[in-house]
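**Q** The following block contains the structure, expressed as structure tokens.
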Amino acid sequence: SVLSRYENQITILSDYLEEFPETDEPVWILGRQHHLNTDKSKLLLDISARLWFTYRRKFSPIGGTGPSSDAGWGCMLRCGQMMLAQALICRHLGRDWQWEKDKKQPEEYHRILRCFLDRKDCCYSIHQMAQMGVGEGKSIGEWFGPNTVAQVLKKLALFDEWNSLAVYVSMDNTVVIEDIKKMCWSPPQSSSIAHSSAHLHRSALGRNKNTAGFCTGWKPLLLIIPLRLGINHINPVYIDAFKECFKMPQSLGALGGKPNNAYYFIGFLGNELIYLDPHTTQSFVDSEENGTVDDESFHCQQAPHRMKIMNLDPSVALGFFCKEECDFDNWCSLVQKEILKQQSLRMFELVQKHPPHWPPFIPPTKPEVTTTGAELIESTDKLFELEEEFEILSV
């Protein structure tokens, strides 16, 4: 029955798309425009290509003794994973990459997937995110909000040498151009001996061959903007600007939903948002011996969900990805032109210089520790094993 359901995925989604209102309005999905009356199949492929992370069960207990499923509490973490995964897809494979069932995919794709497997040694696993959330005041098993998951991704990215992302989370609804450029620009790597050793180290790790982002010294940017678009309900004055963000080529969508019920919003049609829903519990999937991942359960092969924008909780987080500096400059121009131009009540501010009344901006750096947290969990597990062996010997 499972195979039959997947084999009929195109029919299922096509039937669902027939239910969309008859309209000439375009459907926007993460910066790409689709028309229901001419390219439904392209819309299907575009939606199914997004990595879909859901609740999982039967993974190793978080922290050694914690939960072995995130059902009921991990939906915002899964949405954060989806937004980050979309950034990595754009980083290594490009926005127009498409996924097809049973089609062989490049090594970079499987390596991206392995970053998110539910294992304590995967850099963006549910284990790592939950453990890092403790530092943000969230107990393991507690629900996250959009800003908290953004802060967690920002910290975990510091340990991720392969993807080498600069993660900027805006403060006080303000994006500071000067700070982002300071964070993304590193000294030209070809000008130092350190570059040679770093380059060799990256080669040994099997980095993506397309190193355009490194040649210029610009670290690819993941920009997350946590927002409050109202008090109890979204203020209608923000709707047009919010929709405009999904049209930008740099769009990674938005994190949000309803209280304690998170969704990953990837686009819109009219005044309805289109989203991927993490509230499906699937079994833990591990990588194969050859490093590939059985990826069928990581792609949503059923009808996309929709909800009216006015039903959205006002607490959201927008995401954008800028692989090169020119992408960020273009994003700034689009924001000025399409979002800030005539907004009496602005969704967020974009300023050139660091506000003088703010604390000095210091680009985040990897902490001087020898563990990412995964190794700490590993050592804790070994300690428990030694204690159990000692108890057995004592008996």
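Following the order of the structure tokens, first chain is A, next is B, and so on, with residues numbered from 1 inside each chain and ligands from 1 in the order they appear.
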Name the residues in contact with Leu345 of chain A at a cut-off of 10 Å, using only C-alpha atoms, excluding same-chain residues fewer than 3 positions from it; report them as a short mmCIF file (atom, residue, chain, number, x, y, z; two decimals) with N, CA and C atoms, in the first residue's frame.

**A**
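And here's around22.cif as it stands now:
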data_model
loop_
_atom_site.label_atom_id
_atom_site.label_comp_id
_atom_site.auth_asym_id
_atom_site.auth_seq_id
_atom_site.Cartn_x
_atom_site.Cartn_y
_atom_site.Cartn_z
N ASN A 235 -1.11 41.63 11.46
CA ASN A 235 -1.65 42.92 11.02
C ASN A 235 -1.75 42.92 9.50
N VAL A 237 -1.64 45.07 7.36
CA VAL A 237 -0.75 46.00 6.67
C VAL A 237 0.54 45.33 6.21
N TYR A 238 0.88 44.18 6.83
CA TYR A 238 2.13 43.49 6.49
C TYR A 238 1.97 42.46 5.38
N LEU A 340 10.24 48.29 1.41
CA LEU A 340 10.35 49.51 2.21
C LEU A 340 9.85 50.75 1.48
N GLN A 342 6.95 51.97 0.13
CA GLN A 342 5.75 52.74 0.50
C GLN A 342 5.10 52.21 1.77
N PHE A 348 10.33 45.22 8.57
CA PHE A 348 11.64 45.27 9.22
C PHE A 348 12.42 46.42 8.59
#

**Q** Could you give me, as a compact mmCIF listing (two decimals) with N, CA and C atoms, in the first residue's frame, the residues within 9 Å of segment 81-93 of chain A, counting only C-alpha atoms and dropping anything in the same chain fewer than 4 positions from it?

**A**
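Final output, saved to around-v9.txt:
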# COMPACT_ATOMS: atom_id res chain seq x y z
N ARG A 50 11.86 19.90 -2.50
CA ARG A 50 12.28 20.44 -1.21
C ARG A 50 12.47 19.30 -0.22
N LEU A 51 13.53 19.38 0.56
CA LEU A 51 13.74 18.36 1.59
C LEU A 51 12.68 18.55 2.69
N TRP A 52 12.04 17.45 3.04
CA TRP A 52 10.90 17.46 3.96
C TRP A 52 11.30 16.70 5.22
N PHE A 53 11.39 17.40 6.33
CA PHE A 53 11.75 16.77 7.60
C PHE A 53 10.53 16.75 8.51
N MET A 76 9.00 22.74 15.21
CA MET A 76 9.74 23.93 14.80
C MET A 76 11.20 23.60 14.50
N LEU A 77 11.77 22.63 15.20
CA LEU A 77 13.12 22.20 14.88
C LEU A 77 13.16 21.59 13.49
N TRP A 97 17.79 22.80 -9.04
CA TRP A 97 17.96 21.35 -8.95
C TRP A 97 16.62 20.69 -8.65
N PRO A 106 23.64 13.37 -6.97
CA PRO A 106 25.06 13.63 -6.72
C PRO A 106 25.43 13.40 -5.26
N GLU A 108 26.92 15.35 -3.26
CA GLU A 108 26.61 16.49 -2.41
C GLU A 108 25.21 16.38 -1.82
N TYR A 109 24.28 15.87 -2.60
CA TYR A 109 22.91 15.72 -2.11
C TYR A 109 22.86 14.77 -0.92
N ILE A 112 24.40 16.36 2.10
CA ILE A 112 23.47 17.30 2.75
C ILE A 112 22.49 16.54 3.63
N LEU A 113 21.92 15.47 3.08
CA LEU A 113 20.96 14.68 3.86
C LEU A 113 21.59 14.14 5.14
N CYS A 115 23.71 15.43 6.96
CA CYS A 115 23.83 16.47 7.99
C CYS A 115 22.63 16.49 8.92
N PHE A 116 21.49 15.96 8.45
CA PHE A 116 20.23 16.09 9.20
C PHE A 116 19.70 14.77 9.74
N TYR A 124 23.40 18.80 12.16
CA TYR A 124 22.11 19.47 12.33
C TYR A 124 21.00 18.48 12.70
N SER A 125 21.36 17.43 13.41
CA SER A 125 20.39 16.43 13.83
C SER A 125 19.46 16.98 14.90
N ILE A 126 18.37 16.28 15.14
CA ILE A 126 17.45 16.66 16.20
C ILE A 126 18.18 16.61 17.55
N LEU A 153 20.49 27.32 15.04
CA LEU A 153 21.15 27.10 13.75
C LEU A 153 22.40 27.97 13.62
N ASN A 163 30.04 23.14 4.89
CA ASN A 163 29.14 24.10 4.25
C ASN A 163 29.60 25.53 4.42
N LEU A 165 28.90 28.22 6.25
CA LEU A 165 27.88 29.26 6.15
C LEU A 165 28.11 30.36 7.19
N ASN A 208 32.65 20.48 -1.86
CA ASN A 208 32.07 20.69 -3.19
C ASN A 208 33.12 21.27 -4.12
N ASN A 210 32.68 23.06 -6.68
CA ASN A 210 32.38 24.43 -7.04
C ASN A 210 32.72 25.34 -5.86
N GLY A 213 32.37 30.35 -4.02
CA GLY A 213 32.13 31.12 -2.80
C GLY A 213 33.40 31.35 -2.00
N PRO A 220 29.06 32.10 2.07
CA PRO A 220 27.63 32.09 1.74
C PRO A 220 26.79 32.45 2.97
N LEU A 221 25.78 33.28 2.75
CA LEU A 221 25.01 33.86 3.84
C LEU A 221 23.64 33.22 3.99
N LEU A 222 23.35 32.77 5.20
CA LEU A 222 22.00 32.41 5.59
C LEU A 222 21.48 33.52 6.48
N LEU A 252 14.14 31.73 1.16
CA LEU A 252 14.13 30.40 1.78
C LEU A 252 12.80 30.17 2.50
N GLY A 253 11.81 31.02 2.22
CA GLY A 253 10.51 30.85 2.85
C GLY A 253 10.46 31.44 4.24
N ALA A 254 9.61 30.84 5.08
CA ALA A 254 9.40 31.38 6.43
C ALA A 254 9.07 30.27 7.40
N LEU A 255 9.48 30.48 8.65
CA LEU A 255 9.11 29.59 9.75
C LEU A 255 7.97 30.25 10.51
N TYR A 264 6.57 24.99 7.68
CA TYR A 264 7.60 25.62 6.84
C TYR A 264 6.90 26.17 5.60
N LEU A 276 4.97 23.15 3.92
CA LEU A 276 5.28 21.75 4.22
C LEU A 276 5.02 21.52 5.70
N GLY A 319 13.53 33.68 5.90
CA GLY A 319 14.86 33.17 5.58
C GLY A 319 15.27 33.54 4.17
N PHE A 320 16.56 33.85 3.99
CA PHE A 320 17.10 34.19 2.67
C PHE A 320 18.51 33.60 2.56
N PHE A 321 18.90 33.24 1.33
CA PHE A 321 20.23 32.71 1.11
C PHE A 321 20.93 33.51 0.02
N CYS A 322 22.14 33.95 0.31
CA CYS A 322 22.94 34.74 -0.64
C CYS A 322 24.30 34.06 -0.79
N LYS A 323 24.46 33.33 -1.88
CA LYS A 323 25.71 32.58 -2.08
C LYS A 323 26.89 33.51 -2.33

**Q** Which residues come within 10 Å of Val335 of chain A, counting only C-alpha atoms, excluding same-chain residues fewer than 4 positions away, as a short mmCIF file (atom, residue, chain, number, x, y, z; two decimals) with all heavy atoms, in the first residue's frame?

**A**
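Contents of the output file selection.cif:
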data_model
loop_
_atom_site.label_atom_id
_atom_site.label_comp_id
_atom_site.auth_asym_id
_atom_site.auth_seq_id
_atom_site.Cartn_x
_atom_site.Cartn_y
_atom_site.Cartn_z
N ALA A 241 3.86 42.89 1.91
CA ALA A 241 5.32 42.81 2.06
C ALA A 241 5.75 41.38 2.38
O ALA A 241 6.77 40.91 1.87
CB ALA A 241 5.78 43.76 3.18
N GLU A 244 5.70 39.41 -0.73
CA GLU A 244 6.77 39.85 -1.63
C GLU A 244 8.07 39.10 -1.36
O GLU A 244 8.87 38.85 -2.27
CB GLU A 244 6.99 41.35 -1.47
CG GLU A 244 7.65 42.02 -2.66
CD GLU A 244 6.79 42.00 -3.91
OE1 GLU A 244 5.56 42.22 -3.81
OE2 GLU A 244 7.37 41.76 -4.99
N CYS A 245 8.29 38.72 -0.10
CA CYS A 245 9.52 38.01 0.26
C CYS A 245 9.63 36.66 -0.45
O CYS A 245 10.73 36.21 -0.77
CB CYS A 245 9.60 37.82 1.77
SG CYS A 245 9.80 39.36 2.69
N MET A 248 11.29 36.80 -4.01
CA MET A 248 12.72 37.11 -4.17
C MET A 248 13.50 35.85 -4.51
O MET A 248 13.28 34.79 -3.91
CB MET A 248 13.27 37.73 -2.89
CG MET A 248 12.63 39.06 -2.55
SD MET A 248 13.29 39.75 -1.02
CE MET A 248 12.39 41.31 -0.96
N ASP A 329 23.66 42.02 -2.36
CA ASP A 329 23.43 43.39 -2.84
C ASP A 329 22.10 43.46 -3.59
O ASP A 329 21.34 44.43 -3.44
CB ASP A 329 24.57 43.84 -3.76
CG ASP A 329 25.88 44.02 -3.01
OD1 ASP A 329 25.83 44.20 -1.78
OD2 ASP A 329 26.95 43.98 -3.65
N ASN A 330 21.81 42.44 -4.38
CA ASN A 330 20.54 42.39 -5.10
C ASN A 330 19.37 42.30 -4.14
O ASN A 330 18.33 42.94 -4.33
CB ASN A 330 20.54 41.21 -6.07
CG ASN A 330 19.20 41.01 -6.75
OD1 ASN A 330 18.43 40.11 -6.40
ND2 ASN A 330 18.91 41.83 -7.74
N TRP A 331 19.53 41.50 -3.08
CA TRP A 331 18.48 41.38 -2.08
C TRP A 331 18.21 42.72 -1.41
O TRP A 331 17.05 43.11 -1.23
CB TRP A 331 18.88 40.34 -1.02
CG TRP A 331 17.87 40.17 0.07
CD1 TRP A 331 16.74 39.40 0.04
CD2 TRP A 331 17.88 40.82 1.35
NE1 TRP A 331 16.04 39.52 1.23
CE2 TRP A 331 16.71 40.37 2.05
CE3 TRP A 331 18.74 41.71 1.98
CZ2 TRP A 331 16.41 40.81 3.34
CZ3 TRP A 331 18.43 42.14 3.27
CH2 TRP A 331 17.29 41.69 3.93
N ILE A 339 9.72 46.34 -0.56
CA ILE A 339 9.19 46.20 0.80
C ILE A 339 9.18 47.52 1.56
O ILE A 339 8.21 47.84 2.25
CB ILE A 339 10.00 45.14 1.58
CG1 ILE A 339 9.77 43.76 0.95
CG2 ILE A 339 9.61 45.12 3.06
CD1 ILE A 339 10.48 42.64 1.64
N LEU A 340 10.24 48.29 1.41
CA LEU A 340 10.35 49.51 2.21
C LEU A 340 9.85 50.75 1.48
O LEU A 340 9.73 51.82 2.09
CB LEU A 340 11.81 49.73 2.63
CG LEU A 340 12.49 48.58 3.38
CD1 LEU A 340 13.91 48.96 3.75
CD2 LEU A 340 11.70 48.20 4.62
N LYS A 341 9.54 50.64 0.19
CA LYS A 341 9.27 51.83 -0.63
C LYS A 341 8.08 52.66 -0.14
O LYS A 341 8.19 53.88 0.00
CB LYS A 341 9.04 51.41 -2.09
CG LYS A 341 7.96 50.36 -2.29
CD LYS A 341 7.77 50.01 -3.75
CE LYS A 341 6.65 48.96 -3.89
NZ LYS A 341 6.44 48.61 -5.30
N PHE A 348 10.33 45.22 8.57
CA PHE A 348 11.64 45.27 9.22
C PHE A 348 12.42 46.42 8.59
O PHE A 348 12.03 46.98 7.57
CB PHE A 348 12.40 43.95 9.10
CG PHE A 348 12.71 43.52 7.67
CD1 PHE A 348 13.85 43.96 7.02
CD2 PHE A 348 11.85 42.66 7.00
CE1 PHE A 348 14.13 43.56 5.72
CE2 PHE A 348 12.12 42.24 5.70
CZ PHE A 348 13.26 42.70 5.06
N GLU A 349 13.52 46.77 9.23
CA GLU A 349 14.36 47.86 8.75
C GLU A 349 15.65 47.31 8.13
O GLU A 349 16.18 46.30 8.60
CB GLU A 349 14.72 48.82 9.89
CG GLU A 349 13.55 49.56 10.49
CD GLU A 349 12.98 50.62 9.57
OE1 GLU A 349 13.67 51.01 8.60
OE2 GLU A 349 11.84 51.06 9.81
N LEU A 350 16.13 47.99 7.11
CA LEU A 350 17.42 47.67 6.49
C LEU A 350 18.28 48.93 6.57
O LEU A 350 17.95 49.95 5.96
CB LEU A 350 17.22 47.26 5.03
CG LEU A 350 18.47 46.94 4.22
CD1 LEU A 350 19.18 45.70 4.77
CD2 LEU A 350 18.12 46.72 2.75
#

**Q** Could you pull out the residues in segment 106-319 of chain A that DSSP calls alpha helix (DSSP H) from the backbone, as a VMD selection string?

**A** chain A and resid 107 to 114 126 to 134 146 to 157 177 to 184 193 to 204 212 to 215 239 to 247

**Q** My list of candidates is A:Ala166, A:Cys123, A:Met183, A:Val293. Which is closest to His110 of chain A when distances are computed with only C-alpha atoms?

**A**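 The answer is A:Val293, which sits nearest to His110 of chain A.
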
**Q** Using only C-alpha atoms, find the one residue out of A:Asp179, A:Asp313, A:Arg119, A:Gln301 that sits nearest to Pro359 of chain A.

**A**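 Among the listed residues, A:Asp179 lies closest to Pro359 of chain A.
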
**Q** Point out the residue among A:Leu223, A:Gln352, A:Phe298, A:Thr65 with the least atom-to-atom distance to Thr281 of chain A, counting only C-alpha atoms.

**A**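 Among A:Leu223, A:Gln352, A:Phe298, A:Thr65, it is A:Phe298 that comes nearest to Thr281 of chain A.
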